[in-house]
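Engineer: So that we are looking at the same thing, I have put the structure below in structure tokens.
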Amino acid sequence: MDQTAIFRPFFAMMLLPLVVWVYMYARRIPFIQQTGLTPGQLTPAELARLSPPAVSNPSDNLKNLFEIPTVFYALALYLYATSQVDAVYLATAWVFVAFRVLHSAAHCTINVVIVRFWLYCVSTLALWFMAIRGALSAMAWRQG
């Protein structure tokens, strides 16, 4: 299998924070303009206090995209560096990315917690599957 195939979901995942970042500012800038607060008055704490969910949810989601996905980035690089990319890892990587995209879409718009939970759960289970499979492979490789 072409080992560079892992970089398609890798870069798709890297682009998701960009999309959420743009959406966050598309929501935040008009809100800030409407408040009439000066930059000196608009501290991070004050912005968080004043922001309605439609403004704060994209910001919260952007923060989420720098948590669990960091494991995915490291794992994808490990799989590439050790030439272990196969169809199972690739399919699972796409499941992770797809469900993270769906999670971000839900978090930034409807924000139904149970929907977000299941989308997050599926994506994270896919990632843990990849991580455990990689760890078991690394341990077997060391022993044999």
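Every chain in the structure tokens has a letter given in the order shown (A, B, ...), and although residue numbers restart at 1 in each chain, ligands are simply numbered from 1 in the order shown.
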What lies within 8 Å of region 118-124 of chain A using only C-alpha atoms, ignoring chain neighbours under 4 positions off, as an MDAnalysis selection string?
Structural biologist: chainID A and resid 68 95:100 102:103 114 128
Engineer: For the selection you just gave me, I'd like the residues written to a file as a PDB file, in the first residue's frame, keeping C-alpha atoms.
Structural biologist:
```pdb
ATOM      1  CA  ILE A  68      -7.679  14.242  21.011  1.00  0.00           C
ATOM      2  CA  VAL A  95     -13.782   7.190  10.160  1.00  0.00           C
ATOM      3  CA  PHE A  96     -12.008   9.291  12.776  1.00  0.00           C
ATOM      4  CA  VAL A  97     -11.870  12.322  10.491  1.00  0.00           C
ATOM      5  CA  ALA A  98     -15.456  11.978   9.244  1.00  0.00           C
ATOM      6  CA  PHE A  99     -16.882  11.748  12.743  1.00  0.00           C
ATOM      7  CA  ARG A 100     -14.731  14.654  13.935  1.00  0.00           C
ATOM      8  CA  LEU A 102     -19.661  15.724  12.040  1.00  0.00           C
ATOM      9  CA  HIS A 103     -18.889  16.459  15.699  1.00  0.00           C
ATOM     10  CA  ILE A 114     -26.217  13.579  23.065  1.00  0.00           C
ATOM     11  CA  TRP A 128      -8.174   4.207  20.183  1.00  0.00           C
TER      12      TRP A 128
END
```
Engineer: Mind checking which residues fall within 8 Å of Ile6 (chain A), counting only C-alpha atoms, ignoring those fewer than 5 positions away in the same chain, and posting them as a VMD selection string?
Structural biologist: chain A and resid 76 80 85 90 93
Engineer: Filtering to N, CA and C atoms, could you give me those residues as a PDB file, in the first residue's frame?
Structural biologist:
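File written: part.pdb
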```pdb
ATOM      1  N   ALA A  76      -0.548   8.953  12.962  1.00  0.00           N
ATOM      2  CA  ALA A  76      -0.407   8.925  11.501  1.00  0.00           C
ATOM      3  C   ALA A  76       1.057   9.047  11.103  1.00  0.00           C
ATOM      4  N   TYR A  80       3.307   6.139   9.196  1.00  0.00           N
ATOM      5  CA  TYR A  80       4.056   6.428   7.973  1.00  0.00           C
ATOM      6  C   TYR A  80       5.540   6.113   8.166  1.00  0.00           C
ATOM      7  N   VAL A  85       1.217   1.685   7.274  1.00  0.00           N
ATOM      8  CA  VAL A  85      -0.083   2.111   6.743  1.00  0.00           C
ATOM      9  C   VAL A  85      -0.663   0.977   5.909  1.00  0.00           C
ATOM     10  N   LEU A  90      -6.044   3.030   7.220  1.00  0.00           N
ATOM     11  CA  LEU A  90      -6.545   4.104   6.379  1.00  0.00           C
ATOM     12  C   LEU A  90      -8.063   4.284   6.534  1.00  0.00           C
ATOM     13  N   ALA A  93      -8.752   5.739   9.928  1.00  0.00           N
ATOM     14  CA  ALA A  93      -8.371   7.160   9.955  1.00  0.00           C
ATOM     15  C   ALA A  93      -9.481   8.011   9.344  1.00  0.00           C
TER      16      ALA A  93
END
```
Engineer: Tell me, as a ChimeraX atom specification, which residues lie within 12 Å of Tyr73 (chain A), counting only C-alpha atoms; anything in the same chain fewer than 5 positions away does not count.
Structural biologist: /A:6-14,65-68,78-80,93,96-97,127,130-131
Engineer: Find the residue from A:Asn57, A:Trp141, A:Ile32, A:Gln3 that sits nearest to Arg116 (chain A); use only C-alpha atoms when measuring.
Structural biologist: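 Closest to Arg116 (chain A) of all the choices is A:Asn57.
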Engineer: For the atom pair CA of Gln33 (chain A) and CA of Ala45 (chain A), what is the interatomic distance in Å to one decimal place?
Structural biologist: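 So the answer is 17.1 Å.
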Engineer: Determine, counting only C-alpha atoms, which protein, DNA and RNA residues have an atom within 10 Å of an atom of Leu47 (chain A); residues of the same chain fewer than 4 positions away are not included. Present the result as a count of residues only.
Structural biologist: 12
